[in-house]
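Have a look at the structure below, then the notes.
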Amino acid sequence: MNFNKILAPVAILVFTIGAWQAFHWAGIALAAGGVVMWILLHFTRMVTILKKAANRPIGHVASAVMLNAKLQKGASLMHVIAMTRSLGQLLTEKDAQPEIFRWTDAGQSHVTATFVGGKLTEWTLERPAHLTDTTPDTPVDIPATTRST
């Protein structure tokens with residue numbers, strides 16, 4: 001069960017009741033102003049993140065490897081969009097659960113992330129075969145350097 005969906009309204013209700021007991025109608029006005037300010041702060045943050053993401057190609061990230069290192073289980077989709085500064089490429093049908101998004105970098109490495117209820121549950125990093133192969137096909141000759149004195 002997601003207690004955050006219950007905790008915020010209960011906290012607002014307790015704050016409003018406390019304000020009523022302390023200041024009556026002036027307290028209600030103070031509580032309403034505080035709640036409206038809290039909502040506006042979250043709305044402004046969301047709009048700022050989406051405005052930055054709107055200027056980038058969908059599903060593009062500077063480095064998929066760095067994104068993979070920064071991701072944490074339970075992070076919100078909005079938090080991941082803020083990290084990548086890009087909307088992810090949606091791989092599932094719209095409004096279907098779980099939602100699967102992909103971010104790809106210039107080297108064609110990509111991170112595929114699964115969100116359930118807007119929270120990150122799992123992700124995988126996939127790199128092209130030519131980047132994951134560490135053994136060279138042919139031996140590399142390193143020329144000997146000579147130094148004149």
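Convention: chains lettered A, B, ... in structure tokens order; per-chain residue numbering from 1; ligands numbered from 1 as shown.
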Point to revise | Shell around A:Phe115 at 10 Å using only C-alpha atoms, local window under 5 positions removed, as a list of chain:residue names | key: A:Lys73, A:Gly74, A:Ala75, A:Ser76, A:Leu77, A:Gln97, A:Pro98, A:Glu99, A:Ile100, A:Phe101, A:Leu120, A:Thr121, A:Glu122, A:Trp123
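By only C-alpha atoms, and with residues fewer than 5 positions from stretch 34-43 of chain A along its chain excluded, the set lying at most 9 Å from it is Ile12, Ala29 and Thr48 of chain A.
Reported to one decimal place, the separation of atom CA of A:Thr124 from atom CA of A:Leu67 is 10.5 Å.
Of the listed residues A:Arg56, A:Ala64, A:Ala19, A:His110, the one whose atoms come nearest to A:Ala31 is A:Ala19, with distances taken using only C-alpha atoms.
Comparing the minimum interatomic distances between A:His79 and each of A:Arg102, A:Arg45, A:Lys51, A:His60, counting only C-alpha atoms, we find that A:Arg45 sits nearest.
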Practice item. Report as a list in words: the residues of stretch 40-136 of chain A with a DSSP assignment of strand (DSSP E or B), based on the backbone of this structure. Key: His60, Ser76, Gln89, Leu90, Glu99, Ile100, Phe101, Arg102, Trp103, Thr104, His110, Val111, Thr112, Ala113, Thr114, Phe115, Val116, Lys119, Leu120, Thr121, Glu122, Trp123, Thr124, Leu125 and Glu126 of chain A
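For the pair atom CA of A:Thr44 and atom CA of A:Gly18, the separation is 27.5 Å.
Here atom CA of A:Met78 is placed at a distance of 21.0 Å from atom CA of A:Pro9.
You can rank A:Leu90, A:Val47, A:Ala32, A:Ala62 by their closest distance to A:Gln108 using only C-alpha atoms, and at the top of that list sits A:Ala62.
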